[in-house]
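For reference, model08.pdb (PDB, C-alpha atoms):
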```pdb
ATOM      1  CA  ALA A 943      -6.218  -7.631 -14.144  1.00  0.00           C
ATOM      2  CA  VAL A 944      -2.867  -7.217 -15.855  1.00  0.00           C
ATOM      3  CA  VAL A 945       0.502  -8.388 -14.531  1.00  0.00           C
ATOM      4  CA  HIS A 946       3.792  -7.121 -15.979  1.00  0.00           C
ATOM      5  CA  VAL A 947       7.066  -8.782 -14.937  1.00  0.00           C
ATOM      6  CA  THR A 948      10.483  -7.516 -16.049  1.00  0.00           C
ATOM      7  CA  PRO A 949      13.218  -9.733 -14.600  1.00  0.00           C
ATOM      8  CA  GLN A 950      16.636  -8.119 -14.458  1.00  0.00           C
ATOM      9  CA  GLU A 951      19.804  -9.303 -12.789  1.00  0.00           C
ATOM     10  CA  GLU A 952      20.331  -6.141 -10.750  1.00  0.00           C
ATOM     11  CA  CYS A 953      16.694  -5.249 -10.074  1.00  0.00           C
ATOM     12  CA  SER A 954      13.482  -6.934 -11.186  1.00  0.00           C
ATOM     13  CA  TYR A 955      10.244  -5.041 -11.722  1.00  0.00           C
ATOM     14  CA  ALA A 956       6.679  -6.288 -11.497  1.00  0.00           C
ATOM     15  CA  SER A 957       3.378  -4.452 -11.672  1.00  0.00           C
ATOM     16  CA  PHE A 958      -0.213  -5.455 -11.049  1.00  0.00           C
ATOM     17  CA  GLU A 959      -3.085  -3.383 -12.406  1.00  0.00           C
ATOM     18  CA  THR A 960      -6.801  -3.866 -11.915  1.00  0.00           C
ATOM     19  CA  ASN A 961     -10.087  -2.010 -12.102  1.00  0.00           C
ATOM     20  CA  PHE A 962     -11.520  -4.386  -9.505  1.00  0.00           C
ATOM     21  CA  GLY A 963     -14.674  -3.004  -7.914  1.00  0.00           C
ATOM     22  CA  SER A 964     -15.318  -0.394 -10.608  1.00  0.00           C
ATOM     23  CA  ARG A 965     -18.982   0.212 -11.259  1.00  0.00           C
ATOM     24  CA  LYS A 966     -20.741   2.257 -13.910  1.00  0.00           C
ATOM     25  CA  THR A 967     -23.280   3.904 -11.640  1.00  0.00           C
ATOM     26  CA  PRO A 968     -23.256   4.862  -7.962  1.00  0.00           C
ATOM     27  CA  GLU A 969     -26.207   2.516  -7.380  1.00  0.00           C
ATOM     28  CA  ASP A 970     -24.020  -0.418  -8.496  1.00  0.00           C
ATOM     29  CA  GLN A 971     -21.273   0.380  -6.006  1.00  0.00           C
ATOM     30  CA  ALA A 972     -21.321  -1.973  -3.055  1.00  0.00           C
ATOM     31  CA  ASP A 973     -18.755  -2.246  -0.275  1.00  0.00           C
ATOM     32  CA  VAL A 974     -15.713  -3.745  -2.004  1.00  0.00           C
ATOM     33  CA  SER A 975     -13.129  -2.935   0.678  1.00  0.00           C
ATOM     34  CA  GLU A 976     -12.842  -6.468   2.066  1.00  0.00           C
ATOM     35  CA  SER A 977     -12.540  -8.071  -1.378  1.00  0.00           C
ATOM     36  CA  LEU A 978     -10.053  -5.455  -2.568  1.00  0.00           C
ATOM     37  CA  ASN A 979      -7.899  -5.848   0.558  1.00  0.00           C
ATOM     38  CA  GLU A 980      -7.949  -9.622   0.067  1.00  0.00           C
ATOM     39  CA  LEU A 981      -6.910  -9.312  -3.590  1.00  0.00           C
ATOM     40  CA  VAL A 982      -4.034  -6.927  -2.834  1.00  0.00           C
ATOM     41  CA  GLY A 983      -2.931  -9.140   0.063  1.00  0.00           C
ATOM     42  CA  LYS A 984      -2.738 -12.145  -2.249  1.00  0.00           C
ATOM     43  CA  VAL A 985      -0.660 -10.216  -4.789  1.00  0.00           C
ATOM     44  CA  LEU A 986       1.745  -9.002  -2.086  1.00  0.00           C
ATOM     45  CA  ASP A 987       2.020 -12.489  -0.589  1.00  0.00           C
ATOM     46  CA  LEU A 988       2.757 -13.941  -4.030  1.00  0.00           C
ATOM     47  CA  PHE A 989       5.415 -11.428  -5.141  1.00  0.00           C
ATOM     48  CA  ARG A 990       6.813 -10.572  -1.655  1.00  0.00           C
ATOM     49  CA  PRO A 991       8.457  -7.315  -2.786  1.00  0.00           C
ATOM     50  CA  ALA A 992      11.151  -5.721  -0.619  1.00  0.00           C
ATOM     51  CA  LYS A 993       9.611  -2.348  -1.474  1.00  0.00           C
ATOM     52  CA  PHE A 994       6.745  -1.156  -3.653  1.00  0.00           C
ATOM     53  CA  THR A 995       4.462   1.717  -4.554  1.00  0.00           C
ATOM     54  CA  LEU A 996       0.691   1.378  -4.307  1.00  0.00           C
ATOM     55  CA  THR A 997      -1.367   3.832  -6.369  1.00  0.00           C
ATOM     56  CA  LEU A 998      -5.138   4.179  -6.162  1.00  0.00           C
ATOM     57  CA  PHE A 999      -7.139   6.251  -8.649  1.00  0.00           C
ATOM     58  CA  THR A1000     -10.723   6.895  -7.632  1.00  0.00           C
ATOM     59  CA  ASP A1001     -13.498   9.430  -7.694  1.00  0.00           C
ATOM     60  CA  GLN A1002     -15.136  10.714  -4.547  1.00  0.00           C
ATOM     61  CA  GLY A1003     -18.267   8.695  -5.324  1.00  0.00           C
ATOM     62  CA  ALA A1004     -16.333   5.472  -4.739  1.00  0.00           C
ATOM     63  CA  GLU A1005     -14.838   6.438  -1.370  1.00  0.00           C
ATOM     64  CA  ASN A1006     -17.524   4.752   0.740  1.00  0.00           C
ATOM     65  CA  ALA A1007     -17.342   1.509  -1.253  1.00  0.00           C
ATOM     66  CA  ILE A1008     -13.546   1.367  -1.054  1.00  0.00           C
ATOM     67  CA  GLY A1009     -13.089   2.441   2.558  1.00  0.00           C
ATOM     68  CA  GLY A1010      -9.445   1.957   3.624  1.00  0.00           C
ATOM     69  CA  ALA A1011      -8.709  -0.549   0.866  1.00  0.00           C
ATOM     70  CA  PRO A1012      -6.280  -1.418  -0.568  1.00  0.00           C
ATOM     71  CA  PHE A1013      -3.982   0.349   1.889  1.00  0.00           C
ATOM     72  CA  GLU A1014      -5.175  -1.640   4.927  1.00  0.00           C
ATOM     73  CA  SER A1015      -3.878  -4.827   3.332  1.00  0.00           C
ATOM     74  CA  ALA A1016      -0.497  -3.273   2.553  1.00  0.00           C
ATOM     75  CA  ASP A1017      -0.275  -1.640   6.016  1.00  0.00           C
ATOM     76  CA  ALA A1018      -0.761  -5.053   7.638  1.00  0.00           C
ATOM     77  CA  ARG A1019       2.305  -6.441   5.828  1.00  0.00           C
ATOM     78  CA  TYR A1020       4.676  -3.496   5.230  1.00  0.00           C
ATOM     79  CA  SER A1021       5.786  -0.138   6.652  1.00  0.00           C
ATOM     80  CA  ARG A1022       4.704   3.096   4.992  1.00  0.00           C
ATOM     81  CA  ARG A1023       7.521   5.381   3.872  1.00  0.00           C
ATOM     82  CA  ASN A1024       5.401   8.228   2.504  1.00  0.00           C
ATOM     83  CA  CYS A1025       1.984   9.057   1.144  1.00  0.00           C
ATOM     84  CA  THR A1026       0.706  11.742  -1.202  1.00  0.00           C
ATOM     85  CA  SER A1027      -2.637  12.584  -2.753  1.00  0.00           C
ATOM     86  CA  SER A1028      -3.400  14.640  -5.858  1.00  0.00           C
ATOM     87  CA  HIS A1029      -6.830  15.911  -6.849  1.00  0.00           C
ATOM     88  CA  PHE A1030      -7.765  16.247 -10.519  1.00  0.00           C
ATOM     89  CA  GLU A1031     -10.748  17.869 -12.143  1.00  0.00           C
ATOM     90  CA  GLN A1032     -13.692  18.065  -9.733  1.00  0.00           C
ATOM     91  CA  ASP A1033     -13.656  14.748  -7.887  1.00  0.00           C
ATOM     92  CA  TYR A1034     -10.845  12.527  -9.193  1.00  0.00           C
ATOM     93  CA  VAL A1035      -8.110  11.579  -6.711  1.00  0.00           C
ATOM     94  CA  ALA A1036      -4.788   9.739  -7.048  1.00  0.00           C
ATOM     95  CA  THR A1037      -3.318   8.417  -3.791  1.00  0.00           C
ATOM     96  CA  ILE A1038       0.262   7.139  -3.928  1.00  0.00           C
ATOM     97  CA  VAL A1039       1.924   5.307  -1.017  1.00  0.00           C
ATOM     98  CA  ASN A1040       5.466   3.927  -0.871  1.00  0.00           C
ATOM     99  CA  TYR A1041       6.100   0.867   1.293  1.00  0.00           C
ATOM    100  CA  VAL A1042       9.147  -1.071   2.450  1.00  0.00           C
ATOM    101  CA  GLY A1043       9.434  -4.436   4.142  1.00  0.00           C
ATOM    102  CA  ARG A1044       9.608  -4.157   7.916  1.00  0.00           C
ATOM    103  CA  LYS A1045      13.032  -5.823   8.080  1.00  0.00           C
ATOM    104  CA  ILE A1046      14.442  -3.258   5.637  1.00  0.00           C
ATOM    105  CA  GLU A1047      12.885  -0.380   7.589  1.00  0.00           C
ATOM    106  CA  ASN A1048      14.215  -1.676  10.920  1.00  0.00           C
ATOM    107  CA  LYS A1049      17.731  -2.097   9.516  1.00  0.00           C
ATOM    108  CA  ARG A1050      17.680   1.428   8.107  1.00  0.00           C
ATOM    109  CA  LEU A1051      16.515   2.967  11.386  1.00  0.00           C
ATOM    110  CA  CYS A1052      18.336   0.741  13.875  1.00  0.00           C
ATOM    111  CA  LYS A1053      21.707   0.185  12.191  1.00  0.00           C
ATOM    112  CA  GLY A1054      23.184  -2.715  14.097  1.00  0.00           C
ATOM    113  CA  ASP A1055      20.937  -2.947  17.170  1.00  0.00           C
ATOM    114  CA  SER A1056      20.884  -6.443  18.608  1.00  0.00           C
ATOM    115  CA  SER A1057      17.242  -7.336  17.959  1.00  0.00           C
ATOM    116  CA  ASP A1058      14.140  -6.103  16.178  1.00  0.00           C
ATOM    117  CA  GLU A1059      12.373  -5.808  19.538  1.00  0.00           C
ATOM    118  CA  ASP A1060      15.086  -3.473  20.886  1.00  0.00           C
ATOM    119  CA  CYS A1061      14.931  -1.491  17.698  1.00  0.00           C
ATOM    120  CA  GLN A1062      11.132  -1.110  17.758  1.00  0.00           C
ATOM    121  CA  LYS A1063      11.404   0.657  21.112  1.00  0.00           C
ATOM    122  CA  LYS A1064      13.662   3.277  19.485  1.00  0.00           C
ATOM    123  CA  LEU A1065      11.531   4.028  16.432  1.00  0.00           C
ATOM    124  CA  PRO A1066      10.308   7.623  16.225  1.00  0.00           C
ATOM    125  CA  PRO A1067       6.531   7.981  16.763  1.00  0.00           C
ATOM    126  CA  ARG A1068       5.918   8.896  13.120  1.00  0.00           C
ATOM    127  CA  MET A1069       7.203   5.455  12.101  1.00  0.00           C
ATOM    128  CA  LEU A1070       4.991   3.522  14.489  1.00  0.00           C
ATOM    129  CA  ARG A1071       1.640   2.382  13.201  1.00  0.00           C
ATOM    130  CA  SER A1072      -1.715   3.116  14.734  1.00  0.00           C
ATOM    131  CA  ARG A1073      -4.443   0.482  15.101  1.00  0.00           C
ATOM    132  CA  SER A1074      -6.158   1.890  12.019  1.00  0.00           C
ATOM    133  CA  GLY A1075      -3.027   1.148   9.973  1.00  0.00           C
ATOM    134  CA  LEU A1076      -2.248   4.786   9.264  1.00  0.00           C
ATOM    135  CA  ALA A1077       1.190   6.130  10.011  1.00  0.00           C
ATOM    136  CA  LEU A1078       1.247   8.590  12.881  1.00  0.00           C
ATOM    137  CA  ALA A1079       2.647  12.050  12.189  1.00  0.00           C
TER     138      ALA A1079
END
```
Serialized structure, structure tokens:
Amino acid sequence: AVVHVTPQEECSYASFETNFGSRKTPEDQADVSESLNELVGKVLDLFRPAKFTLTLFTDQGAENAIGGAPFESADARYSRRNCTSSHFEQDYVATIVNYVGRKIENKRLCKGDSSDEDCQKKLPPRMLRSRSGLALA
């Protein structure tokens, strides 16, 4: 794993990169979703970003081993702003998801409502989260 930190007065930047769970052959690939979610959760809990982008590069052969990771861990702590996926070559996929802290999201959507609970009732359905952690359209 590699960690880059660029402290700046107006806006600091940090990145975390890993090839955690990568295997050379499909036979070596075991279910790594729980471990990957745990790792990403620890990084998010340590840095506590107000907003961040999570990017996952994978091939289709790794989909079963990865499951919903690492997005499940991020979904449990933050609100999704948007998500996009790009397919390269025959089976290579990049999934990019932008997140914001829930307090930031509530302030943006509620603008001065008296409490987070009142605000949550007014959120549009696409901003509410399903039990699976995926944003509803």
Closest to Ser977 of chain A among A:His946, A:Gln1032, A:Tyr1020, A:Gly1010, using all atoms listed in the file?
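Going through A:His946, A:Gln1032, A:Tyr1020, A:Gly1010 one by one, the smallest distance to Ser977 of chain A is for A:Gly1010.
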Excluding Asp1033 of chain A and residues on its chain fewer than 5 positions from it, collect all residues at most 9 Å away from it, counting all atoms listed in the file, and give them as a ChimeraX atom specification.
/A:1000-1003
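Separating atom CA of Phe999 of chain A from atom CA of Cys953 of chain A is a distance of 26.5 Å.
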For the structure provided, state which residues fall under the PyMOL selection byres ((chain A and resi 980) around 12), and present them as a ChimeraX atom specification.
/A:962,974-979,981-987,1011-1016,1018
When the PyMOL selection byres ((chain A and resi 1024) around 9) is applied to the structure above, which residues does it catch, written out as a compact mmCIF listing (two decimals) with C-alpha atoms, in the coordinates of the input?
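Saved file part17.txt follows:
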```txt
# COMPACT_ATOMS: atom_id res chain seq x y z
CA ARG A 1022 4.70 3.10 4.99
CA ARG A 1023 7.52 5.38 3.87
CA CYS A 1025 1.98 9.06 1.14
CA THR A 1026 0.71 11.74 -1.20
CA ILE A 1038 0.26 7.14 -3.93
CA VAL A 1039 1.92 5.31 -1.02
CA ASN A 1040 5.47 3.93 -0.87
CA TYR A 1041 6.10 0.87 1.29
CA ALA A 1077 1.19 6.13 10.01
```
Give me the result of the PyMOL selection byres ((chain A and resi 958) around 7) on this file, residue by residue, as a ChimeraX atom specification.
/A:944-946,956-957,959-960
Between atom CA of Ser1021 of chain A and atom CA of Gly1009 of chain A, what is the distance in Å, rounded to a tenth?
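So the answer is 19.5 Å.
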Out of A:Thr948, A:Asn961, A:Thr997, A:Ala1004, which residue has the shortest atom-to-atom distance to Tyr1034 of chain A when counting all atoms listed in the file?
A:Ala1004
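In this comparison, which uses only C-alpha atoms, the residue of A:Asp1017, A:Asp973, A:Glu952, A:Glu1031 approaching Leu996 of chain A most closely is A:Asp1017.
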Pairwise distance for atom CA of Thr995 of chain A and atom CA of Val1042 of chain A, rounded to one decimal in Å
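Distance reported for this atom pair: 8.9 Å.
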Excluding same-chain residues fewer than 4 positions from Ser1028 of chain A, what lies within 8 Å of it counting all atoms listed in the file, as a PyMOL selection string?
chain A and resi 1035-1037
